[in-house]
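A.B. asks: Quick one, structure.tsv (TSV, C-alpha atoms and all ligand atoms):
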chain	number	residue	atom	x	y	z
A	581	MET	CA	100.59	74.37	173.82
A	582	SER	CA	101.30	76.98	176.46
A	583	THR	CA	103.42	74.56	178.55
A	584	LEU	CA	105.45	73.58	175.48
A	585	LEU	CA	106.09	77.21	174.70
A	586	GLN	CA	107.04	77.81	178.33
A	587	LYS	CA	109.47	74.91	178.20
A	588	ALA	CA	111.11	76.27	175.06
A	589	GLU	CA	111.41	79.70	176.68
A	590	THR	CA	112.98	78.25	179.81
A	591	SER	CA	115.48	76.35	177.75
A	592	GLU	CA	116.26	79.43	175.68
A	593	ILE	CA	116.94	81.60	178.73
A	594	LEU	CA	119.11	78.88	180.24
A	595	GLN	CA	121.13	78.37	177.06
A	596	PRO	CA	124.43	79.63	178.56
A	597	VAL	CA	124.14	77.36	181.63
A	598	GLU	CA	123.05	74.45	179.48
A	599	ALA	CA	126.03	74.89	177.17
A	600	ASP	CA	128.48	74.94	180.13
A	601	LEU	CA	126.98	71.86	181.76
A	602	LEU	CA	126.81	69.87	178.53
A	603	ARG	CA	130.38	70.78	177.64
A	604	GLU	CA	131.67	69.81	181.11
A	605	SER	CA	129.63	66.65	181.48
A	606	GLY	CA	129.19	65.56	177.89
A	607	GLY	CA	125.45	64.88	177.99
A	608	ALA	CA	122.95	64.90	175.12
A	609	ALA	CA	120.30	67.11	176.76
A	610	ILE	CA	119.20	68.87	179.92
A	611	GLU	CA	115.67	69.05	181.26
A	612	TRP	CA	114.93	71.92	183.64
A	613	TYR	CA	112.71	71.49	186.68
A	614	GLY	CA	111.82	73.30	189.89
A	615	ARG	CA	113.64	70.77	192.07
A	616	ALA	CA	116.21	68.01	191.96
A	617	ALA	CA	113.36	65.93	193.39
A	618	THR	CA	111.44	66.31	190.12
A	619	ALA	CA	114.55	65.40	188.11
A	620	LEU	CA	115.01	62.26	190.24
A	621	TYR	CA	111.36	61.33	189.72
A	622	ARG	CA	111.80	61.57	185.96
A	623	ALA	CA	115.09	59.67	186.07
A	624	TYR	CA	113.41	56.79	187.91
A	625	CYS	CA	110.58	56.69	185.37
A	626	VAL	CA	113.16	56.50	182.57
A	627	ALA	CA	115.19	53.82	184.37
A	628	ARG	CA	112.13	51.66	184.97
A	629	LYS	CA	111.10	51.92	181.34
A	630	SER	CA	114.55	51.39	179.90
A	631	VAL	CA	114.94	47.98	181.54
A	632	GLY	CA	111.37	47.01	180.67
A	633	ALA	CA	110.35	46.57	184.31
A	634	THR	CA	106.80	47.08	185.48
A	635	ALA	CA	106.01	49.49	188.29
A	636	GLU	CA	105.43	46.65	190.73
A	637	GLU	CA	108.81	45.09	190.38
A	638	ALA	CA	111.43	47.79	189.71
A	639	GLU	CA	114.00	48.57	192.41
A	640	VAL	CA	116.63	51.30	192.73
A	641	ILE	CA	119.73	51.09	194.93
A	642	LEU	CA	120.31	54.24	197.02
A	643	PRO	CA	122.95	55.12	199.60
A	644	SER	CA	121.81	54.76	203.22
A	645	ILE	CA	123.28	58.17	204.17
A	646	SER	CA	121.30	60.86	202.35
A	647	CYS	CA	118.32	63.12	202.74
A	648	ALA	CA	115.05	61.28	202.18
A	649	THR	CA	114.19	62.94	198.86
A	650	PRO	CA	115.82	60.37	196.54
A	651	ALA	CA	113.84	57.61	198.27
A	652	ASN	CA	110.58	59.58	198.45
A	653	THR	CA	110.67	60.32	194.75
A	654	ALA	CA	111.43	56.67	193.98
A	655	LEU	CA	108.20	55.71	195.76
A	656	LEU	CA	106.39	58.42	193.82
A	657	ALA	CA	107.68	56.90	190.56
A	658	GLY	CA	106.58	53.43	191.64
A	659	VAL	CA	110.13	52.17	192.17
A	660	THR	CA	111.12	50.38	195.38
A	661	PRO	CA	114.14	51.94	197.11
A	662	ARG	CA	116.85	49.55	198.40
A	663	PHE	CA	119.73	50.78	200.53
A	664	ALA	CA	123.47	50.20	200.30
A	665	ASP	CA	125.66	50.55	203.39
A	666	VAL	CA	128.43	53.16	203.37
A	667	ASP	CA	132.17	53.45	203.83
A	668	PRO	CA	132.49	54.52	207.48
A	669	ASN	CA	135.02	57.24	206.56
A	670	THR	CA	133.10	59.00	203.79
A	671	GLY	CA	129.43	58.12	204.27
A	672	MET	CA	129.27	57.04	200.62
A	673	PRO	CA	128.49	53.51	199.39
A	674	THR	CA	131.16	51.23	197.93
A	675	LEU	CA	130.93	49.12	194.80
A	676	GLN	CA	130.66	46.06	197.02
A	677	SER	CA	127.89	47.42	199.25
A	678	ILE	CA	125.93	48.40	196.14
A	679	GLN	CA	126.42	44.99	194.55
A	680	GLU	CA	125.06	43.34	197.70
A	681	ARG	CA	121.66	44.99	197.05
A	682	TRP	CA	121.34	43.96	193.42
A	683	THR	CA	118.36	41.81	192.46
A	684	PRO	CA	116.93	40.94	189.02
A	685	GLN	CA	114.46	43.82	189.65
A	686	THR	CA	117.16	46.47	189.99
A	687	CYS	CA	116.78	49.15	187.30
A	688	ALA	CA	119.19	51.82	188.57
A	689	VAL	CA	121.78	52.90	191.12
A	690	VAL	CA	121.91	56.45	192.50
A	691	PHE	CA	125.34	57.67	193.55
A	692	ILE	CA	125.12	60.75	195.78
A	693	HIS	CA	128.19	62.99	195.92
A	694	LEU	CA	127.73	63.44	199.67
A	695	PHE	CA	128.80	66.81	201.20
A	696	GLY	CA	130.67	67.62	197.94
A	697	GLN	CA	132.80	64.47	197.95
A	698	THR	CA	133.39	62.46	194.81
A	699	ALA	CA	134.79	59.03	193.99
A	700	ASP	CA	136.17	57.19	190.99
A	701	LEU	CA	132.86	56.11	189.46
A	702	ARG	CA	134.27	54.16	186.52
A	703	PRO	CA	134.18	50.70	188.18
A	704	LEU	CA	130.58	51.33	189.30
A	705	ALA	CA	129.60	52.55	185.83
A	706	GLU	CA	131.15	49.48	184.27
A	707	TRP	CA	129.34	47.16	186.65
A	708	CYS	CA	126.01	48.95	185.96
A	709	ARG	CA	126.53	48.48	182.23
A	710	SER	CA	127.29	44.78	182.73
A	711	LYS	CA	124.00	44.43	184.62
A	712	ASN	CA	122.06	46.54	182.11
A	713	ILE	CA	120.99	49.04	184.78
A	714	LEU	CA	121.33	52.83	184.79
A	715	LEU	CA	123.70	54.90	186.91
A	716	ILE	CA	122.24	58.17	188.19
A	717	GLU	CA	124.58	60.74	189.75
A	718	ASP	CA	123.04	63.09	192.32
A	719	LEU	CA	125.06	66.34	192.40
A	720	ALA	CA	122.77	68.32	194.68
A	721	GLN	CA	125.67	68.78	197.13
A	722	ALA	CA	128.57	68.76	194.66
A	723	LEU	CA	127.89	71.25	191.87
A	724	GLY	CA	131.22	72.01	190.15
A	725	GLY	CA	133.03	69.04	191.72
A	726	ARG	CA	135.90	67.16	190.03
A	727	LEU	CA	136.32	63.38	189.97
A	728	PRO	CA	139.73	61.90	190.88
A	729	ASN	CA	140.66	61.79	187.17
A	730	ASP	CA	139.75	65.51	186.92
A	731	ALA	CA	136.60	64.90	184.87
A	732	ALA	CA	133.50	66.78	186.06
A	733	ALA	CA	131.27	65.15	188.63
A	734	GLY	CA	128.14	64.37	186.63
A	735	SER	CA	130.09	63.20	183.59
A	736	VAL	CA	129.89	59.45	184.28
A	737	GLY	CA	126.26	58.59	185.06
A	738	ASP	CA	123.63	57.82	182.42
A	739	MET	CA	121.73	60.67	184.03
A	740	SER	CA	122.85	63.38	186.47
A	741	VAL	CA	120.66	65.35	188.82
A	742	TYR	CA	121.30	68.95	189.94
A	743	SER	CA	119.71	71.15	192.60
A	744	PHE	CA	119.87	74.93	192.75
A	745	ASN	CA	117.60	75.29	195.75
A	746	PRO	CA	118.22	76.97	199.10
A	747	THR	CA	120.89	75.29	201.27
A	748	LYS	CA	122.68	73.88	198.19
A	749	ILE	CA	125.74	75.37	196.41
A	750	LEU	CA	123.71	77.88	194.38
A	751	GLU	CA	120.47	78.85	196.08
A	752	CYS	CA	118.57	80.65	193.32
A	753	GLY	CA	115.94	77.91	192.84
A	754	GLY	CA	115.51	75.11	190.35
A	755	GLY	CA	116.74	71.66	189.42
A	756	ALA	CA	117.95	69.82	186.35
A	757	LEU	CA	118.28	66.40	184.79
A	758	LEU	CA	121.22	65.89	182.45
A	759	ILE	CA	120.74	62.89	180.15
A	760	ARG	CA	123.74	61.31	178.48
A	761	SER	CA	122.34	59.36	175.52
A	762	PRO	CA	119.88	60.44	172.82
A	763	LYS	CA	118.05	57.17	173.38
A	764	LEU	CA	117.25	58.07	177.00
A	765	VAL	CA	116.37	61.63	175.97
A	766	ALA	CA	113.68	60.11	173.75
A	767	VAL	CA	112.37	57.91	176.58
A	768	SER	CA	112.15	60.93	178.89
A	769	ALA	CA	110.36	62.97	176.21
A	770	GLU	CA	107.68	60.25	176.09
A	771	PHE	CA	107.11	60.65	179.81
A	772	ALA	CA	106.88	64.42	179.51
A	773	GLU	CA	103.96	63.79	177.16
A	774	LEU	CA	102.28	60.87	178.93
A	775	ASP	CA	102.85	62.00	182.51
A	776	PRO	CA	102.93	65.82	182.58
A	777	LEU	CA	103.80	67.53	185.87
A	778	PRO	CA	100.74	68.32	188.01
A	779	PRO	CA	99.51	71.93	188.34
A	780	GLU	CA	101.63	73.99	190.75
A	781	ILE	CA	100.24	74.15	194.28
A	782	ASP	CA	99.81	77.33	196.24
A	783	GLU	CA	103.10	78.55	197.76
A	784	SER	CA	101.89	78.96	201.31
A	785	ARG	CA	100.40	75.47	201.24
A	786	SER	CA	103.68	74.19	199.88
A	787	ARG	CA	105.62	75.90	202.68
A	788	ALA	CA	103.28	74.49	205.32
A	789	LEU	CA	103.64	70.98	203.94
A	790	GLY	CA	107.43	71.32	203.70
A	791	LEU	CA	107.65	72.47	207.31
A	792	SER	CA	105.42	69.64	208.43
A	793	TYR	CA	107.61	67.14	206.62
A	794	ARG	CA	110.75	68.56	208.25
A	795	ASN	CA	109.20	68.44	211.68
A	796	LEU	CA	108.05	64.88	211.18
A	797	HIS	CA	111.50	63.81	210.02
A	798	HIS	CA	113.28	65.58	212.89
A	799	SER	CA	110.87	64.11	215.38
A	800	LEU	CA	111.33	60.56	214.11
A	801	VAL	CA	115.13	60.92	214.01
A	802	GLY	CA	114.90	62.02	217.65
A	803	LEU	CA	112.96	58.86	218.55
A	804	LEU	CA	115.41	56.61	216.72
A	805	ARG	CA	118.44	58.33	218.16
A	806	ALA	CA	117.07	57.96	221.67
A	807	ARG	CA	116.29	54.30	220.84
A	808	ALA	CA	112.78	55.06	222.10
A	809	VAL	CA	111.01	53.13	219.33
A	810	ASP	CA	111.91	50.24	217.08
A	811	GLU	CA	112.80	51.33	213.52
A	812	VAL	CA	110.15	48.98	212.11
A	813	GLU	CA	107.47	50.97	213.95
A	814	VAL	CA	108.96	54.28	212.84
A	815	SER	CA	109.12	53.10	209.25
A	816	ARG	CA	105.51	51.92	209.32
A	817	ALA	CA	104.27	55.29	210.61
A	818	PHE	CA	106.51	57.28	208.26
A	819	LEU	CA	105.53	55.37	205.12
A	820	LYS	CA	101.85	55.58	206.00
A	821	LEU	CA	102.05	59.38	206.08
A	822	GLN	CA	104.04	59.85	202.86
A	823	PRO	CA	101.03	60.27	200.51
A	824	ALA	CA	100.24	63.52	202.38
A	825	PHE	CA	103.52	65.00	201.10
A	826	ARG	CA	103.26	64.05	197.42
A	827	ALA	CA	102.59	67.61	196.30
A	828	LEU	CA	106.06	68.65	197.49
A	829	TYR	CA	108.12	66.93	194.86
A	830	LEU	CA	106.96	67.73	191.31
A	831	HIS	CA	107.57	71.30	190.19
A	832	ARG	CA	108.50	73.30	187.09
A	833	MET	CA	111.46	75.65	186.89
A	834	LYS	CA	110.09	79.01	188.04
A	835	ASP	CA	112.82	81.56	187.48
A	836	PRO	CA	115.39	80.54	184.86
A	837	ALA	CA	116.88	84.06	184.75
A	838	ALA	CA	117.82	83.77	188.45
A	839	LEU	CA	119.89	80.68	187.66
A	840	VAL	CA	121.65	82.42	184.78
A	841	GLY	CA	122.59	85.21	187.20
A	842	ALA	CA	123.74	82.85	189.94
A	843	TRP	CA	125.68	80.70	187.45
A	844	ALA	CA	128.07	83.57	186.78
A	845	GLN	CA	128.96	83.53	190.51
A	846	LEU	CA	129.63	79.79	190.74
A	847	GLN	CA	133.45	79.88	190.83
A	848	GLN	CA	133.40	82.63	193.45
A	849	VAL	CA	130.91	80.71	195.57
A	850	LEU	CA	133.01	77.54	195.35
A	851	GLU	CA	136.19	79.39	196.31
A	852	HIS	CA	134.53	81.01	199.31
A	853	ARG	CA	133.32	77.61	200.51
A	854	PHE	CA	136.69	76.01	199.90
A	855	ARG	CA	138.53	78.69	201.90
A	856	ASN	CA	136.14	78.26	204.83
A	857	ALA	CA	136.64	74.48	204.68
A	858	GLN	CA	140.42	74.97	204.74
A	859	ARG	CA	140.08	77.22	207.79
A	860	TYR	CA	138.06	74.57	209.64
A	861	ASP	CA	140.49	71.90	208.56
A	862	GLU	CA	143.47	73.75	210.01
A	863	ALA	CA	141.70	74.86	213.18
A	864	LEU	CA	140.24	71.40	213.90
A	865	ALA	CA	143.32	69.29	213.15
A	866	GLU	CA	143.68	68.03	216.74
A	867	GLY	CA	140.42	67.06	218.40
A	868	PRO	CA	138.25	64.12	219.47
A	869	TRP	CA	136.90	63.63	215.94
A	870	HIS	CA	137.72	62.40	212.45
A	871	ARG	CA	137.75	65.10	209.76
A	872	ILE	CA	136.14	64.16	206.44
A	873	GLY	CA	138.61	65.45	203.86
A	874	GLN	CA	137.49	64.41	200.40
A	875	TRP	CA	136.34	67.93	199.50
A	876	LYS	CA	140.03	68.67	198.98
A	877	GLN	CA	140.09	66.42	195.93
A	878	SER	CA	136.69	67.38	194.53
A	879	GLY	CA	137.18	71.12	195.08
A	880	VAL	CA	133.66	71.40	196.51
A	881	CYS	CA	132.68	71.56	200.16
A	882	TRP	CA	128.94	71.60	200.77
A	883	ARG	CA	129.17	71.30	204.56
A	884	TYR	CA	132.43	70.75	206.40
A	885	SER	CA	131.96	67.48	208.25
A	886	LEU	CA	133.35	65.83	211.37
A	887	LEU	CA	132.75	62.39	212.84
A	888	VAL	CA	132.96	62.85	216.59
A	889	ASN	CA	134.47	60.19	218.86
A	890	PHE	CA	131.72	60.56	221.48
A	891	PRO	CA	128.51	59.42	219.71
A	892	GLU	CA	126.48	59.08	222.92
A	893	ARG	CA	126.83	62.82	223.62
A	894	LEU	CA	126.43	64.07	220.04
A	895	VAL	CA	123.06	65.75	220.65
A	896	ASP	CA	124.23	67.55	223.81
A	897	PHE	CA	127.36	68.65	221.98
A	898	SER	CA	125.49	70.01	218.94
A	899	GLU	CA	122.98	71.78	221.16
A	900	ALA	CA	125.77	73.46	223.12
A	901	VAL	CA	127.51	74.64	219.94
A	902	ARG	CA	124.18	75.94	218.67
A	903	ARG	CA	123.65	77.83	221.93
A	904	ASP	CA	127.00	79.50	221.31
A	905	GLY	CA	125.44	80.83	218.08
A	906	PHE	CA	126.79	78.50	215.39
A	907	HIS	CA	124.95	76.42	212.79
A	908	VAL	CA	125.55	72.73	213.19
A	909	SER	CA	123.40	69.89	211.99
A	910	ASN	CA	123.38	66.18	212.53
A	911	LEU	CA	120.15	65.06	210.93
A	912	TYR	CA	121.43	62.58	208.39
A	913	TRP	CA	119.83	59.50	209.82
A	914	PRO	CA	120.18	56.25	207.79
A	915	VAL	CA	117.38	56.39	205.25
A	916	ASN	CA	116.89	52.61	205.32
A	917	ASP	CA	115.45	52.98	208.85
A	918	PHE	CA	112.57	54.98	207.36
A	919	PHE	CA	111.99	53.18	204.08
A	920	ARG	CA	113.25	49.64	204.52
A	921	PRO	CA	114.62	48.53	207.89
A	922	SER	CA	115.16	45.06	206.42
A	923	ASP	CA	118.14	46.44	204.43
A	924	PRO	CA	120.59	46.62	207.34
A	925	CYS	CA	123.35	49.26	207.07
A	926	PRO	CA	125.47	49.02	210.23
A	927	ASN	CA	128.18	51.43	209.04
A	928	ALA	CA	125.54	54.05	208.25
A	929	THR	CA	124.13	53.67	211.75
A	930	GLN	CA	127.56	54.38	213.26
A	931	PHE	CA	128.14	57.26	210.84
A	932	ALA	CA	124.82	58.93	211.66
A	933	ARG	CA	125.54	58.80	215.39
A	934	ARG	CA	128.85	60.63	214.86
A	935	ILE	CA	128.30	63.16	212.05
A	936	VAL	CA	128.39	66.91	212.58
A	937	ASN	CA	127.98	69.28	209.60
A	938	LEU	CA	129.34	72.82	209.74
A	939	TRP	CA	128.35	75.72	207.49
A	940	VAL	CA	130.80	77.09	204.92
A	941	ASP	CA	128.39	79.13	202.77
A	942	GLN	CA	128.17	82.88	202.08
A	943	THR	CA	126.78	83.54	205.56
A	944	VAL	CA	130.07	82.61	207.24
A	945	GLY	CA	133.66	83.86	206.97
A	946	GLU	CA	137.06	83.71	208.63
A	947	GLN	CA	136.08	85.14	212.01
A	948	TRP	CA	132.94	83.02	212.24
A	949	VAL	CA	134.86	79.84	211.43
A	950	GLY	CA	137.52	80.66	214.04
A	951	GLN	CA	134.94	81.29	216.76
A	952	CYS	CA	132.95	78.21	215.79
A	953	ALA	CA	136.11	76.09	216.05
A	954	GLU	CA	136.69	77.47	219.57
A	955	SER	CA	133.15	76.54	220.54
A	956	LEU	CA	133.65	73.04	219.12
A	957	PHE	CA	136.80	72.50	221.20
A	958	LYS	CA	135.27	73.95	224.36
A	959	ASN	CA	132.17	71.80	224.13
A	960	ALA	CA	134.01	68.69	222.98
A	961	SER	CA	136.10	68.83	226.14
A	962	ARG	CA	132.86	68.89	228.15
A	963	PHE	CA	131.22	65.97	226.35
A	964	SER	CA	134.04	63.72	225.20
A	965	ALA	CA	135.25	62.87	228.71
U	1	LIG	C1	118.72	68.59	198.62
U	1	LIG	C2	118.93	67.30	197.94
U	1	LIG	C3	118.03	66.81	196.99
U	1	LIG	C4	116.76	67.54	196.66
U	1	LIG	O1	116.98	68.78	196.06
U	1	LIG	P1	115.72	69.71	195.72
U	1	LIG	O2	116.19	70.62	194.65
U	1	LIG	O3	115.37	70.42	196.98
U	1	LIG	O4	114.63	68.81	195.29
U	1	LIG	C5	118.31	65.64	196.37
U	1	LIG	N1	119.42	64.94	196.66
U	1	LIG	C6	120.30	65.35	197.58
U	1	LIG	C7	121.52	64.54	197.86
U	1	LIG	C8	120.09	66.54	198.26
U	1	LIG	O5	120.98	66.95	199.18
Take the structure I supplied and represent it as structure tokens, if you would.

C.D. replies:
Amino acid sequence: MSTLLQKAETSEILQPVEADLLRESGGAAIEWYGRAATALYRAYCVARKSVGATAEEAEVILPSISCATPANTALLAGVTPRFADVDPNTGMPTLQSIQERWTPQTCAVVFIHLFGQTADLRPLAEWCRSKNILLIEDLAQALGGRLPNDAAAGSVGDMSVYSFNPTKILECGGGALLIRSPKLVAVSAEFAELDPLPPEIDESRSRALGLSYRNLHHSLVGLLRARAVDEVEVSRAFLKLQPAFRALYLHRMKDPAALVGAWAQLQQVLEHRFRNAQRYDEALAEGPWHRIGQWKQSGVCWRYSLLVNFPERLVDFSEAVRRDGFHVSNLYWPVNDFFRPSDPCPNATQFARRIVNLWVDQTVGEQWVGQCAESLFKNASRFSA
């Protein structure tokens, strides 16, 4: 009773955000959670059920360039993650690379709008319909993005997943699952009843577990990057430890009022990010790298991204830029190496050895971007020779 009441209250407080999202994306309902991870978990449960698959046999096709959360939550929902290779220029899968991973057990495809980029999803949506599988859009990095036909990102999938947690576009906390059809809303409501979220765990325990997970992931990426261990061995160790992290993924929305407040700032936040991305794009026009530019079409830049032409020195380069005082990250290792090395993704492997992500959020501005660009040039000339 008390959780039902709480859910109704959450939904009531979030009414203005809900109305905006439903109007933009045309869904039937939104479920509010504490994380995008929880929304993904629920989406997988719905996908499995809607194609009548049993837990043992359902599979979901994920992109090989992503954080590990979409795959971790698939395992949690009893769905086997399969991995599609990516377009070497965008890091996002293609219709063809997704089709190559289809099996009769496939129940869904997750399309991640990586770094804020979008794509024309209509051919993929049509193919998913023809195969009777669900399309899930993950907008964690692309809140507010526009598709090439100017529709909202999140308006094509059968379900769309949002994150409002730290490091994403809005950082106030929370996650959401937008569901397009009333039929799927009903399926999800059944799960809410049959499979309620577990009790919340203590925050300091949650932080400790989260840090441990991060350290584990960083450490294993380091081993793979240095080619110190075979990915089959890494995968075996990683998968064996995953049950320890289960408590990280399923959470309720804690502070709906914070999201209502942050929502009013969304356009401002997007403009600030876009201006920073433009500054990088101008400053970094000539250099030993390829600039990823699809944020220009979507209107959303999560992290400004470069693919450097000197993959063997990427770590030295990033470290040197960090020592100059700038945030850079390069931790998007192909997820198939952790969860299923037998799904080879050669383009993703190349991509991961070249990617550098630069910050464009509220913590950085014009001067910062200019100085960061100088550091990038200085250090690239050291390491690209
Ligand atoms: C961050 C992220 C998630 C997880 O978001 P949470 O709200 O932290 O659970 C899921 N998918 C992608 C692509 C992400 O970048």

A.B. asks: Could you give me, as CSV, every chain A residue with an atom at most 6 Å from ligand LIG 1 (chain U), plus its closest atom pair and distance in Å to one decimal, counting all atoms listed in the file, rows ordered by chain then number?

C.D. replies:
residue,atom,partner,partner_atom,distance
A:Arg615,CA,U:LIG1,O2,3.6
A:Ala616,CA,U:LIG1,O2,3.7
A:Ala617,CA,U:LIG1,O4,3.7
A:Ser646,CA,U:LIG1,C7,5.8
A:Cys647,CA,U:LIG1,O5,5.9
A:Thr649,CA,U:LIG1,C5,5.5
A:Pro650,CA,U:LIG1,N1,5.8
A:Ile692,CA,U:LIG1,C7,5.6
A:Asp718,CA,U:LIG1,C7,5.9
A:Ala720,CA,U:LIG1,C8,4.8
A:Gln721,CA,U:LIG1,O5,5.4
A:Ser743,CA,U:LIG1,O2,4.1
A:Phe744,CA,U:LIG1,O2,6.0
A:Asn745,CA,U:LIG1,O2,5.0
A:Gly755,CA,U:LIG1,O2,5.4

A.B. asks: Kindly indicate which residue among A:Gln845, A:Ser878, A:Gln586, A:Ser630 lies nearest to Leu764 in chain A, using all atoms listed in the file for the distances.

C.D. replies: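 Of A:Gln845, A:Ser878, A:Gln586, A:Ser630, the one nearest Leu764 in chain A, counting all atoms listed in the file, is A:Ser630.
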
A.B. asks: Find the distance between CA of Gly950 in chain A and CA of Tyr860 in chain A and write it in Å to one decimal.

C.D. replies: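 It comes out at 7.5 Å.
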
A.B. asks: At a cut-off of 12 Å, using all atoms listed in the file, what residues contact Ser786 in chain A? Leave out same-chain residues fewer than 6 positions from it and give the result as a VMD selection string.

C.D. replies: chain A and resid 780 792 to 793 824 to 831

A.B. asks: Restricted to C-alpha atoms, what would the selected residues look like written as a PDB file, in the frame of the given file?

C.D. replies:
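Below you can see part.pdb, which holds the result:
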ATOM      1  CA  GLU A 780     101.630  73.990 190.750  1.00  0.00           C
ATOM      2  CA  SER A 792     105.420  69.640 208.430  1.00  0.00           C
ATOM      3  CA  TYR A 793     107.610  67.140 206.620  1.00  0.00           C
ATOM      4  CA  ALA A 824     100.240  63.520 202.380  1.00  0.00           C
ATOM      5  CA  PHE A 825     103.520  65.000 201.100  1.00  0.00           C
ATOM      6  CA  ARG A 826     103.260  64.050 197.420  1.00  0.00           C
ATOM      7  CA  ALA A 827     102.590  67.610 196.300  1.00  0.00           C
ATOM      8  CA  LEU A 828     106.060  68.650 197.490  1.00  0.00           C
ATOM      9  CA  TYR A 829     108.120  66.930 194.860  1.00  0.00           C
ATOM     10  CA  LEU A 830     106.960  67.730 191.310  1.00  0.00           C
ATOM     11  CA  HIS A 831     107.570  71.300 190.190  1.00  0.00           C
TER      12      HIS A 831
END

A.B. asks: If we count all atoms listed in the file and set the cut-off at 10 Å, which residues sit around Val597 in chain A, ignoring sequence neighbours fewer than 2 positions away in its own chain? Please answer as an NGL selection string.

C.D. replies: :A and (591 or 593-595 or 599-603 or 610 or 836 or 839-844)

A.B. asks: Calculated over only C-alpha atoms, which of the candidates A:Phe957, A:Tyr621, A:Phe897, A:Trp913 has the smallest distance to Leu777 in chain A?

C.D. replies: A:Tyr621

A.B. asks: Dump as JSON lines the rows for residues of range 640-699 of chain A within 10 Å of range 918-937 of chain A: closest atom pair and distance in Å with one decimal, all atoms listed in the file counted, ordered by chain and rising residue number.

C.D. replies:
{"residue": "A:Pro643", "atom": "CA", "partner": "A:Ala928", "partner_atom": "CA", "distance": 9.1}
{"residue": "A:Ser644", "atom": "CA", "partner": "A:Ala928", "partner_atom": "CA", "distance": 6.3}
{"residue": "A:Ile645", "atom": "CA", "partner": "A:Ala928", "partner_atom": "CA", "distance": 6.2}
{"residue": "A:Ser646", "atom": "CA", "partner": "A:Ala928", "partner_atom": "CA", "distance": 10.0}
{"residue": "A:Ala648", "atom": "CA", "partner": "A:Phe918", "partner_atom": "CA", "distance": 8.5}
{"residue": "A:Ala651", "atom": "CA", "partner": "A:Phe919", "partner_atom": "CA", "distance": 7.5}
{"residue": "A:Asn652", "atom": "CA", "partner": "A:Phe919", "partner_atom": "CA", "distance": 8.6}
{"residue": "A:Leu655", "atom": "CA", "partner": "A:Phe919", "partner_atom": "CA", "distance": 9.5}
{"residue": "A:Thr660", "atom": "CA", "partner": "A:Phe919", "partner_atom": "CA", "distance": 9.2}
{"residue": "A:Pro661", "atom": "CA", "partner": "A:Phe919", "partner_atom": "CA", "distance": 7.4}
{"residue": "A:Arg662", "atom": "CA", "partner": "A:Asp923", "partner_atom": "CA", "distance": 6.9}
{"residue": "A:Phe663", "atom": "CA", "partner": "A:Asp923", "partner_atom": "CA", "distance": 6.0}
{"residue": "A:Ala664", "atom": "CA", "partner": "A:Cys925", "partner_atom": "CA", "distance": 6.8}
{"residue": "A:Asp665", "atom": "CA", "partner": "A:Cys925", "partner_atom": "CA", "distance": 4.5}
{"residue": "A:Val666", "atom": "CA", "partner": "A:Ala928", "partner_atom": "CA", "distance": 5.7}
{"residue": "A:Asp667", "atom": "CA", "partner": "A:Asn927", "partner_atom": "CA", "distance": 6.9}
{"residue": "A:Pro668", "atom": "CA", "partner": "A:Asn927", "partner_atom": "CA", "distance": 5.5}
{"residue": "A:Asn669", "atom": "CA", "partner": "A:Phe931", "partner_atom": "CA", "distance": 8.1}
{"residue": "A:Thr670", "atom": "CA", "partner": "A:Phe931", "partner_atom": "CA", "distance": 8.8}
{"residue": "A:Gly671", "atom": "CA", "partner": "A:Phe931", "partner_atom": "CA", "distance": 6.8}
{"residue": "A:Met672", "atom": "CA", "partner": "A:Ala928", "partner_atom": "CA", "distance": 9.0}
{"residue": "A:Pro673", "atom": "CA", "partner": "A:Ala928", "partner_atom": "CA", "distance": 9.4}
{"residue": "A:Ser677", "atom": "CA", "partner": "A:Cys925", "partner_atom": "CA", "distance": 9.2}
{"residue": "A:Arg681", "atom": "CA", "partner": "A:Asp923", "partner_atom": "CA", "distance": 8.3}
{"residue": "A:Phe695", "atom": "CA", "partner": "A:Asn937", "partner_atom": "CA", "distance": 8.8}

A.B. asks: Within 8 Å of Val690 in chain A, counting only C-alpha atoms, which residues show up once you throw out same-chain ones fewer than 6 positions away? Write them as a ChimeraX atom specification, please.

C.D. replies: /A:640-643,715-718

A.B. asks: At a cut-off of 12 Å, using all atoms listed in the file, what residues contact Asp730 in chain A? Leave out same-chain residues fewer than 6 positions from it and give the result as a PyMOL selection string.

C.D. replies: chain A and resi 604-605+698-701+724+736+877-879

A.B. asks: Which residue out of A:Ala965, A:Ile749, A:Ala608, A:Leu620 has the minimum interatomic distance to Ser761 in chain A when only C-alpha atoms are used?

C.D. replies: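 Result for the nearest residue to Ser761 in chain A: A:Ala608.
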
A.B. asks: Hey, can you check how far CA of Leu656 in chain A sits from CA of Ala838 in chain A?

C.D. replies: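 Between these atoms lies a distance of 28.3 Å.
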
A.B. asks: What's the separation between CA of Val812 in chain A and CA of Ala654 in chain A, in Å to one decimal place?

C.D. replies: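 We find that CA of Val812 in chain A and CA of Ala654 in chain A lie 19.7 Å from each other.
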
A.B. asks: Which one of A:Leu938, A:Ala722, A:Leu846, A:Ala863 sits closest to Leu887 in chain A if you count all atoms listed in the file?

C.D. replies: A:Leu938

A.B. asks: Kindly indicate which residue among A:Ala623, A:Ala806, A:Met833, A:Leu791 lies nearest to Ile759 in chain A, using only C-alpha atoms for the distances.

C.D. replies: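 Between A:Ala623, A:Ala806, A:Met833, A:Leu791, the residue approaching Ile759 in chain A most closely is A:Ala623.
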
A.B. asks: For range 862-865 of chain A, what centre and edge lengths in Å (one decimal) does the axis-aligned box get once 5 Å is added on each side of all its listed atoms, as AutoDock Vina command-line options?

C.D. replies:
--center_x 141.9 --center_y 72.1 --center_z 212.0 --size_x 13.2 --size_y 15.6 --size_z 13.9
